[in-house]
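*Asks:* Quick one, model.pdb (PDB, C-alpha atoms):
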```pdb
ATOM      1  CA  MET A  73     -80.962  63.209 109.302
ATOM      2  CA  THR A  74     -83.285  60.216 109.646
ATOM      3  CA  ASP A  75     -86.977  60.166 110.585
ATOM      4  CA  ASN A  76     -86.057  58.960 114.058
ATOM      5  CA  GLU A  77     -83.849  62.001 114.615
ATOM      6  CA  THR A  78     -86.625  64.547 114.082
ATOM      7  CA  PRO A  79     -88.942  64.212 117.103
ATOM      8  CA  ASP A  80     -89.910  67.889 117.062
ATOM      9  CA  ILE A  81     -91.555  67.888 113.626
ATOM     10  CA  PRO A  82     -95.009  69.400 114.140
ATOM     11  CA  THR A  83     -98.075  67.303 113.453
ATOM     12  CA  PRO A  84     -99.294  68.187 109.932
ATOM     13  CA  THR A  85    -102.811  69.211 109.076
ATOM     14  CA  TYR A  86    -104.882  66.197 108.041
ATOM     15  CA  THR A  87    -105.707  67.373 104.524
ATOM     16  CA  MET A  88    -108.687  65.113 103.903
ATOM     17  CA  GLY A  89    -110.558  66.232 107.023
ATOM     18  CA  TYR A  90    -113.769  64.606 108.262
ATOM     19  CA  SER A  91    -116.417  66.103 105.994
ATOM     20  CA  ASP A  92    -119.556  64.211 104.981
ATOM     21  CA  GLU A  93    -118.185  63.936 101.445
ATOM     22  CA  PHE A  94    -114.962  62.303 102.555
ATOM     23  CA  GLN A  95    -116.830  59.964 104.896
ATOM     24  CA  LYS A  96    -118.822  58.738 101.892
ATOM     25  CA  MET A  97    -115.537  58.052 100.106
ATOM     26  CA  LEU A  98    -114.279  56.036 103.076
ATOM     27  CA  GLU A  99    -117.515  54.059 103.220
ATOM     28  CA  ARG A 100    -116.836  52.760  99.698
ATOM     29  CA  ARG A 101    -113.625  51.095 100.883
ATOM     30  CA  ASN A 102    -113.526  47.570 102.271
ATOM     31  CA  ALA A 103    -110.974  44.860 102.953
ATOM     32  CA  ARG A 104    -111.835  42.920  99.795
ATOM     33  CA  ILE A 105    -110.717  45.847  97.622
ATOM     34  CA  SER A 106    -108.507  48.049  99.777
ATOM     35  CA  ALA A 107    -106.603  45.219 101.494
ATOM     36  CA  ALA A 108    -106.644  42.672  98.662
ATOM     37  CA  HIS A 109    -102.841  42.453  98.844
ATOM     38  CA  LEU A 110    -103.017  41.420 102.527
ATOM     39  CA  LEU A 111    -106.040  39.096 102.702
ATOM     40  CA  PRO A 112    -104.210  36.013 101.322
ATOM     41  CA  TYR A 113    -101.848  36.219 104.315
ATOM     42  CA  LEU A 114    -104.618  36.308 106.920
ATOM     43  CA  GLU A 115    -106.095  33.285 108.652
ATOM     44  CA  PRO A 116    -108.076  32.538 111.807
ATOM     45  CA  GLY A 117    -106.018  32.986 114.948
ATOM     46  CA  LEU A 118    -103.855  35.914 113.828
ATOM     47  CA  ARG A 119    -104.057  39.046 115.999
ATOM     48  CA  VAL A 120    -104.248  42.219 113.877
ATOM     49  CA  LEU A 121    -103.638  45.905 114.589
ATOM     50  CA  ASP A 122    -105.132  48.453 112.171
ATOM     51  CA  LEU A 123    -103.317  51.798 112.318
ATOM     52  CA  GLY A 124    -105.393  54.840 111.405
ATOM     53  CA  CYS A 125    -108.493  52.678 111.193
ATOM     54  CA  GLY A 126    -110.873  55.538 110.362
ATOM     55  CA  PRO A 127    -114.552  54.479 110.338
ATOM     56  CA  GLY A 128    -113.593  50.801 110.333
ATOM     57  CA  THR A 129    -114.897  49.859 106.890
ATOM     58  CA  ILE A 130    -111.648  48.012 106.111
ATOM     59  CA  SER A 131    -111.056  46.901 109.701
ATOM     60  CA  VAL A 132    -114.231  44.820 109.966
ATOM     61  CA  GLY A 133    -113.221  42.799 106.899
ATOM     62  CA  LEU A 134    -109.844  42.098 108.446
ATOM     63  CA  ALA A 135    -111.576  41.093 111.683
ATOM     64  CA  GLU A 136    -113.750  38.653 109.754
ATOM     65  CA  ALA A 137    -110.667  37.070 108.145
ATOM     66  CA  VAL A 138    -108.954  36.314 111.476
ATOM     67  CA  LYS A 139    -111.892  35.529 113.785
ATOM     68  CA  PRO A 140    -112.107  34.321 116.484
ATOM     69  CA  SER A 141    -108.835  36.155 117.096
ATOM     70  CA  GLU A 142    -108.908  39.889 117.750
ATOM     71  CA  LEU A 143    -108.533  42.948 115.568
ATOM     72  CA  HIS A 144    -107.637  46.210 117.294
ATOM     73  CA  GLY A 145    -108.050  49.521 115.495
ATOM     74  CA  ILE A 146    -106.574  52.837 116.563
ATOM     75  CA  ASP A 147    -107.229  56.341 115.244
ATOM     76  CA  MET A 148    -106.495  59.829 116.532
ATOM     77  CA  GLU A 149    -110.048  61.043 115.842
ATOM     78  CA  GLU A 150    -112.738  60.039 118.332
ATOM     79  CA  SER A 151    -115.567  60.466 115.813
ATOM     80  CA  GLN A 152    -113.920  57.922 113.527
ATOM     81  CA  VAL A 153    -113.468  55.450 116.373
ATOM     82  CA  GLU A 154    -117.136  55.794 117.289
ATOM     83  CA  MET A 155    -118.132  55.009 113.698
ATOM     84  CA  ALA A 156    -115.796  52.016 113.646
ATOM     85  CA  ARG A 157    -117.374  50.667 116.825
ATOM     86  CA  ALA A 158    -120.829  51.131 115.299
ATOM     87  CA  ALA A 159    -119.762  49.349 112.100
ATOM     88  CA  ALA A 160    -118.386  46.420 114.107
ATOM     89  CA  ALA A 161    -121.539  46.177 116.198
ATOM     90  CA  ALA A 162    -123.822  46.359 113.149
ATOM     91  CA  GLY A 163    -121.885  43.596 111.414
ATOM     92  CA  GLY A 164    -121.648  41.359 114.448
ATOM     93  CA  HIS A 165    -117.855  41.618 114.601
ATOM     94  CA  SER A 166    -117.461  40.956 118.315
ATOM     95  CA  ASN A 167    -113.727  40.363 117.857
ATOM     96  CA  ALA A 168    -113.090  43.962 116.682
ATOM     97  CA  PHE A 169    -112.042  46.607 119.218
ATOM     98  CA  PHE A 170    -111.318  50.289 118.605
ATOM     99  CA  ARG A 171    -109.720  53.107 120.593
ATOM    100  CA  THR A 172    -108.296  56.578 120.150
ATOM    101  CA  GLY A 173    -104.542  57.037 120.266
ATOM    102  CA  GLU A 174    -101.392  58.105 118.453
ATOM    103  CA  VAL A 175     -99.659  55.759 116.026
ATOM    104  CA  THR A 176     -96.306  57.222 117.089
ATOM    105  CA  GLU A 177     -96.823  55.938 120.641
ATOM    106  CA  LEU A 178     -98.932  52.792 120.500
ATOM    107  CA  PRO A 179    -100.682  51.765 123.747
ATOM    108  CA  PHE A 180     -99.884  48.073 123.229
ATOM    109  CA  ALA A 181     -97.288  45.711 124.656
ATOM    110  CA  ASP A 182     -94.200  44.544 122.792
ATOM    111  CA  GLU A 183     -94.686  41.585 120.436
ATOM    112  CA  SER A 184     -98.465  41.508 120.912
ATOM    113  CA  PHE A 185     -99.647  41.326 117.261
ATOM    114  CA  ASP A 186     -99.138  39.034 114.286
ATOM    115  CA  VAL A 187    -100.084  41.655 111.672
ATOM    116  CA  VAL A 188     -99.956  45.468 111.589
ATOM    117  CA  HIS A 189    -101.997  47.050 108.780
ATOM    118  CA  SER A 190    -102.416  50.631 107.590
ATOM    119  CA  HIS A 191    -104.281  52.222 104.707
ATOM    120  CA  ALA A 192    -103.558  55.815 103.605
ATOM    121  CA  LEU A 193    -101.766  56.456 106.900
ATOM    122  CA  LEU A 194     -98.031  56.790 106.279
ATOM    123  CA  MET A 195     -98.665  59.403 103.594
ATOM    124  CA  HIS A 196    -100.090  61.696 106.290
ATOM    125  CA  VAL A 197     -97.559  61.310 109.125
ATOM    126  CA  PRO A 198     -94.440  63.491 109.470
ATOM    127  CA  ASN A 199     -92.286  60.975 111.294
ATOM    128  CA  ILE A 200     -92.607  57.783 109.272
ATOM    129  CA  GLY A 201     -89.657  56.070 110.906
ATOM    130  CA  THR A 202     -91.206  56.404 114.367
ATOM    131  CA  VAL A 203     -94.480  54.854 113.197
ATOM    132  CA  LEU A 204     -92.700  51.930 111.539
ATOM    133  CA  ASN A 205     -90.519  51.372 114.590
ATOM    134  CA  GLU A 206     -93.627  51.292 116.779
ATOM    135  CA  ALA A 207     -95.214  48.812 114.375
ATOM    136  CA  LYS A 208     -92.107  46.651 114.600
ATOM    137  CA  ARG A 209     -92.106  46.878 118.387
ATOM    138  CA  VAL A 210     -95.643  45.515 118.748
ATOM    139  CA  LEU A 211     -95.137  42.807 116.107
ATOM    140  CA  ARG A 212     -94.127  39.318 117.121
ATOM    141  CA  PRO A 213     -91.020  37.848 115.444
ATOM    142  CA  GLY A 214     -92.060  36.772 111.950
ATOM    143  CA  GLY A 215     -95.083  39.093 112.039
ATOM    144  CA  LEU A 216     -96.282  41.027 108.994
ATOM    145  CA  ILE A 217     -96.492  44.737 108.304
ATOM    146  CA  SER A 218     -98.798  45.888 105.509
ATOM    147  CA  GLY A 219     -99.243  49.356 104.025
ATOM    148  CA  ARG A 220    -101.215  50.926 101.174
ATOM    149  CA  ASP A 221    -100.709  54.580 100.228
ATOM    150  CA  LEU A 222    -101.349  57.022  97.410
ATOM    151  CA  ILE A 223     -99.247  57.289  94.255
ATOM    152  CA  GLY A 224    -100.320  60.817  93.415
ATOM    153  CA  SER A 225     -98.456  61.146  90.134
ATOM    154  CA  SER A 226    -100.373  58.192  88.644
ATOM    155  CA  CYS A 227    -103.909  59.380  89.470
ATOM    156  CA  PHE A 228    -105.939  60.735  86.570
ATOM    157  CA  ALA A 229    -109.289  61.820  85.181
ATOM    158  CA  GLU A 230    -110.040  61.450  81.479
ATOM    159  CA  PRO A 231    -110.725  63.330  79.349
ATOM    160  CA  GLU A 232    -108.769  66.221  80.890
ATOM    161  CA  LEU A 233    -110.933  68.900  79.234
ATOM    162  CA  GLY A 234    -108.535  71.806  79.131
ATOM    163  CA  GLY A 235    -106.909  72.453  82.475
ATOM    164  CA  LEU A 236    -108.702  69.770  84.483
ATOM    165  CA  GLY A 237    -105.388  68.002  85.048
ATOM    166  CA  ASP A 238    -104.373  70.995  87.151
ATOM    167  CA  VAL A 239    -106.905  69.859  89.755
ATOM    168  CA  TRP A 240    -104.778  66.783  90.485
ATOM    169  CA  THR A 241    -101.625  68.900  90.618
ATOM    170  CA  THR A 242    -103.205  71.332  93.055
ATOM    171  CA  PHE A 243    -104.505  68.477  95.206
ATOM    172  CA  LEU A 244    -101.010  66.944  95.440
ATOM    173  CA  ASN A 245     -99.472  70.341  96.184
ATOM    174  CA  LEU A 246    -102.054  70.830  98.916
ATOM    175  CA  LEU A 247    -101.082  67.518 100.481
ATOM    176  CA  GLU A 248     -97.412  68.499 100.459
ATOM    177  CA  ALA A 249     -98.167  71.942 101.884
ATOM    178  CA  ASN A 250     -99.901  70.230 104.799
ATOM    179  CA  GLY A 251     -96.883  68.001 105.470
ATOM    180  CA  ALA A 252     -98.131  64.861 103.689
ATOM    181  CA  HIS A 253     -96.303  62.587 101.226
ATOM    182  CA  PRO A 254     -98.482  62.181  98.098
ATOM    183  CA  GLN A 255     -96.085  59.683  96.463
ATOM    184  CA  MET A 256     -95.745  57.434  99.511
ATOM    185  CA  GLY A 257     -97.215  54.448  97.656
ATOM    186  CA  LYS A 258     -94.072  54.304  95.502
ATOM    187  CA  GLU A 259     -91.804  54.576  98.540
ATOM    188  CA  LEU A 260     -93.270  51.832 100.727
ATOM    189  CA  LYS A 261     -90.802  49.116  99.760
ATOM    190  CA  ARG A 262     -87.833  51.386 100.510
ATOM    191  CA  ARG A 263     -89.372  52.677 103.730
ATOM    192  CA  PHE A 264     -90.028  49.166 105.023
ATOM    193  CA  LEU A 265     -86.482  48.085 104.180
ATOM    194  CA  GLU A 266     -85.025  51.133 105.926
ATOM    195  CA  ALA A 267     -87.077  50.279 109.017
ATOM    196  CA  GLY A 268     -85.519  46.807 109.148
ATOM    197  CA  PHE A 269     -88.296  44.663 107.675
ATOM    198  CA  SER A 270     -87.417  41.879 105.251
ATOM    199  CA  GLY A 271     -88.989  39.855 102.448
ATOM    200  CA  ILE A 272     -90.789  42.924 101.095
ATOM    201  CA  GLN A 273     -93.500  42.251  98.513
ATOM    202  CA  ALA A 274     -94.533  45.443  96.682
ATOM    203  CA  SER A 275     -97.474  45.911  94.324
ATOM    204  CA  ALA A 276     -99.812  48.580  92.939
ATOM    205  CA  SER A 277    -103.486  48.911  92.119
ATOM    206  CA  PHE A 278    -106.174  51.392  91.086
ATOM    207  CA  GLU A 279    -109.374  52.554  92.744
ATOM    208  CA  TYR A 280    -111.383  53.428  89.652
ATOM    209  CA  TYR A 281    -114.586  55.233  88.694
ATOM    210  CA  SER A 282    -116.003  54.049  85.404
ATOM    211  CA  THR A 283    -119.769  53.464  85.546
ATOM    212  CA  VAL A 284    -122.254  56.322  85.296
ATOM    213  CA  GLU A 285    -122.937  55.935  89.007
ATOM    214  CA  ASP A 286    -119.236  55.943  89.889
ATOM    215  CA  VAL A 287    -118.558  59.024  87.775
ATOM    216  CA  ALA A 288    -121.486  60.808  89.427
ATOM    217  CA  PHE A 289    -120.139  59.853  92.859
ATOM    218  CA  PHE A 290    -116.625  61.084  92.042
ATOM    219  CA  HIS A 291    -118.058  64.347  90.696
ATOM    220  CA  ALA A 292    -120.144  64.830  93.840
ATOM    221  CA  PHE A 293    -117.164  64.024  96.059
ATOM    222  CA  ALA A 294    -114.939  66.526  94.250
ATOM    223  CA  GLY A 295    -117.658  69.152  94.347
ATOM    224  CA  GLY A 296    -118.303  68.659  98.029
ATOM    225  CA  TRP A 297    -114.704  68.323  99.191
ATOM    226  CA  PHE A 298    -112.092  69.742  96.795
ATOM    227  CA  PHE A 299    -114.309  72.667  95.826
ATOM    228  CA  SER A 300    -115.487  73.336  99.368
ATOM    229  CA  ALA A 301    -114.899  76.720 100.987
ATOM    230  CA  ASP A 302    -112.393  75.180 103.433
ATOM    231  CA  THR A 303    -110.269  73.633 100.683
ATOM    232  CA  ARG A 304    -110.340  76.796  98.605
ATOM    233  CA  GLU A 305    -109.276  78.834 101.613
ATOM    234  CA  THR A 306    -106.402  76.482 102.402
ATOM    235  CA  ALA A 307    -105.238  76.458  98.776
ATOM    236  CA  ALA A 308    -105.342  80.258  98.679
ATOM    237  CA  LYS A 309    -103.421  80.483 101.957
ATOM    238  CA  HIS A 310    -100.609  78.416 100.450
ATOM    239  CA  GLY A 311    -100.725  80.315  97.159
ATOM    240  CA  LEU A 312    -101.714  77.199  95.212
ATOM    241  CA  ALA A 313    -104.768  78.434  93.332
ATOM    242  CA  THR A 314    -106.972  81.484  92.882
ATOM    243  CA  PRO A 315    -110.772  81.673  93.243
ATOM    244  CA  GLU A 316    -110.979  82.164  89.487
ATOM    245  CA  GLN A 317    -109.093  78.907  88.885
ATOM    246  CA  PHE A 318    -111.422  77.002  91.190
ATOM    247  CA  GLU A 319    -114.461  78.355  89.362
ATOM    248  CA  ALA A 320    -113.008  77.329  85.998
ATOM    249  CA  TRP A 321    -112.135  73.854  87.308
ATOM    250  CA  LEU A 322    -115.627  73.427  88.704
ATOM    251  CA  ARG A 323    -117.126  74.139  85.282
ATOM    252  CA  MET A 324    -114.712  71.625  83.744
ATOM    253  CA  MET A 325    -115.733  69.000  86.313
ATOM    254  CA  ASP A 326    -119.395  69.537  85.429
ATOM    255  CA  GLU A 327    -118.561  69.070  81.759
ATOM    256  CA  TRP A 328    -116.443  66.003  82.547
ATOM    257  CA  LYS A 329    -119.300  64.305  84.414
ATOM    258  CA  ASP A 330    -121.551  64.552  81.360
ATOM    259  CA  THR A 331    -118.914  63.281  78.925
ATOM    260  CA  PRO A 332    -119.657  59.675  77.805
ATOM    261  CA  GLY A 333    -115.992  58.714  78.091
ATOM    262  CA  ALA A 334    -115.521  60.059  81.626
ATOM    263  CA  PHE A 335    -113.188  57.872  83.670
ATOM    264  CA  ALA A 336    -111.104  58.495  86.795
ATOM    265  CA  ALA A 337    -108.672  56.408  88.810
ATOM    266  CA  VAL A 338    -106.745  56.784  92.055
ATOM    267  CA  ALA A 339    -103.417  54.934  92.141
ATOM    268  CA  TRP A 340    -102.198  53.051  95.208
ATOM    269  CA  GLY A 341     -98.920  51.381  96.101
ATOM    270  CA  GLU A 342     -98.858  48.454  98.516
ATOM    271  CA  ALA A 343     -96.182  46.602 100.397
ATOM    272  CA  ILE A 344     -95.945  43.718 102.847
ATOM    273  CA  GLY A 345     -92.885  42.991 104.955
ATOM    274  CA  ARG A 346     -91.887  40.684 107.755
ATOM    275  CA  LYS A 347     -90.248  41.317 111.123
ATOM    276  CA  THR A 348     -87.187  39.099 111.399
TER     277      THR A 348
END
```
Once more with this new file: its structure as structure tokens, please.
*Replies:*
Amino acid sequence: MTDNETPDIPTPTYTMGYSDEFQKMLERRNARISAAHLLPYLEPGLRVLDLGCGPGTISVGLAEAVKPSELHGIDMEESQVEMARAAAAAGGHSNAFFRTGEVTELPFADESFDVVHSHALLMHVPNIGTVLNEAKRVLRPGGLISGRDLIGSSCFAEPELGGLGDVWTTFLNLLEANGAHPQMGKELKRRFLEAGFSGIQASASFEYYSTVEDVAFFHAFAGGWFFSADTRETAAKHGLATPEQFEAWLRMMDEWKDTPGAFAAVAWGEAIGRKT
């Protein structure tokens, strides 16, 4: 059975949520870093659609690359769209427009965009084929599709300090339990080919935390999000970890932060394809 033959799959829980801690993580992302694989393909005059735009921190960089042409961002969460609009206004990006909506049923006409971009989106949707078919529908012939998603098995924190590696495993299991695809970054090339795109260019990169400030940020993010009461409750509900394990991991994270060699990295896979 293909993705397009499963319209009744329920919408999964969005694992990352909209906490203050995760918003701070999103604010660190920008087009220069998070869309580095796409920027060389952008030029003034191209019309761009950003799927799952979130707070717009990547979107506004894409808008800057194609101005005076338009960038349109869409996200299912109104609070994220409001933040994206505020970011565009603050940066003077008058060519950036944002709205709420579903990426499985895009409110745009056929062949109305030159580029469709997504970051950490496909890994969270149950019906990937439908999203890619919608992207292809709104793309003009010769238009580009671009995606960047997590490669969960290649993320790490060093040194592991006992069972700290189990934190990553539990995080990936939590994503899967909520209907996500934590290895989607490795699958992008295949997924784009299956959806009928051609000329696929695949790559990979790391989002890393090396400086004292970065390590402190990553520690604070983990403490505020992964070790939050909501995450612990969800993990317990799925039988993924006990309260005692979370307490032990939290102590390990505190020790990790104060270790001179502390280093963490999140792995991403990227792909660009063309509508023929």
*Asks:* Hey, what comes out of the PyMOL selection byres ((chain A and resi 295) around 12) on this file? Could you write it as a list in words?
*Replies:*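 The output of the PyMOL selection byres ((chain A and resi 295) around 12) on this file is Asp92, Glu93, Phe94, Val239, Ala288, Phe289, Phe290, His291, Ala292, Phe293, Ala294, Gly296, Trp297, Phe298, Phe299, Ser300, Ala301, Thr303, Arg304, Phe318, Glu319, Trp321, Leu322, Arg323, Met324, Met325, Asp326 and Lys329 of chain A.
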*Asks:* May I ask which of the residues A:Phe243, A:Gly251, A:Leu211, A:Glu342 is the closest one to Ile272 in chain A, counting all atoms listed in the file?
*Replies:*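 Of A:Phe243, A:Gly251, A:Leu211, A:Glu342, the one nearest Ile272 in chain A, counting all atoms listed in the file, is A:Glu342.
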*Asks:* Considering only C-alpha atoms, return as a list in words whatever protein or nucleic-acid residues lie within 10 Å of range 172-176 of chain A, sequence-local ones (same chain, fewer than 5 positions apart) excluded.
*Replies:*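 Once the adjacent positions are removed, what remains is Asp122, Leu123, Gly124, Cys125, Gly145, Ile146, Asp147, Met148, Glu149, Glu150, Ser151, Gln152, Val153, Glu154, Leu193, Leu194, Val197, Asn199, Ile200, Gly201, Thr202, Val203, Leu204, Asn205, Glu206 and Ala207 of chain A.
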*Asks:* In the coordinate frame of the file, compute which residues have an atom within 10 Å of (-89.5, 38.4, 113.0) when using only C-alpha atoms, and state them as a list in words.
*Replies:*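 I get Glu183, Asp186, Lys208, Leu211, Arg212, Pro213, Gly214, Gly215, Leu216, Phe269, Ser270, Gly345, Arg346, Lys347 and Thr348 of chain A for the residues within 10 Å of that point.
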*Asks:* Would you work out the distance separating CA of Gly333 in chain A from CA of Leu222 in chain A, expressed in Å to one decimal?
*Replies:*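 Going from CA of Gly333 in chain A over to CA of Leu222 in chain A covers 24.3 Å.
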*Asks:* Looking at all atoms listed in the file, which of A:Ala249, A:Leu236, A:Met155, A:Val187 is the one that sits closest to Gln317 in chain A?
*Replies:*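 Closest residue, counting all atoms listed in the file: A:Leu236.
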*Asks:* Around all the atoms of range 329-336 of chain A listed in the file, draw an axis-aligned box and extend it by 6 Å on each of the six sides; I want its centre and edge lengths in Å to one decimal, as AutoDock Vina command-line options.
*Replies:*
```
--center_x -116.3 --center_y 61.2 --center_z 82.3 --size_x 22.4 --size_y 18.7 --size_z 21.0
```
*Asks:* For Tyr280 in chain A, which residue out of A:Gly133, A:Lys309, A:Gly341, A:Ile105 is the nearest one, using only C-alpha atoms?
*Replies:*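 For Tyr280 in chain A, the nearest of the candidates is A:Ile105.
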*Asks:* Between A:Glu327, A:Glu259, A:Glu232, A:Glu115, which residue has the minimum interatomic distance to Met195 in chain A, considering only C-alpha atoms?
*Replies:*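 Of A:Glu327, A:Glu259, A:Glu232, A:Glu115, the one nearest Met195 in chain A, counting only C-alpha atoms, is A:Glu259.
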*Asks:* Taking the file as shown, what set of residues would the PyMOL selection byres ((chain A and resi 157-161) around 9) give back, as a PyMOL selection string?
*Replies:* chain A and resi 127-129+131-132+135+152-156+162-171
*Asks:* Could you please determine the separation between CA of Asn102 in chain A and CA of Leu134 in chain A in Å, to one decimal place?
*Replies:* 9.0 Å
*Asks:* For Gly268 in chain A, which of A:Ala320, A:Ile217, A:Val287, A:Cys227 is the closest residue, counting all atoms listed in the file?
*Replies:*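 Among A:Ala320, A:Ile217, A:Val287, A:Cys227, it is A:Ile217 that comes nearest to Gly268 in chain A.
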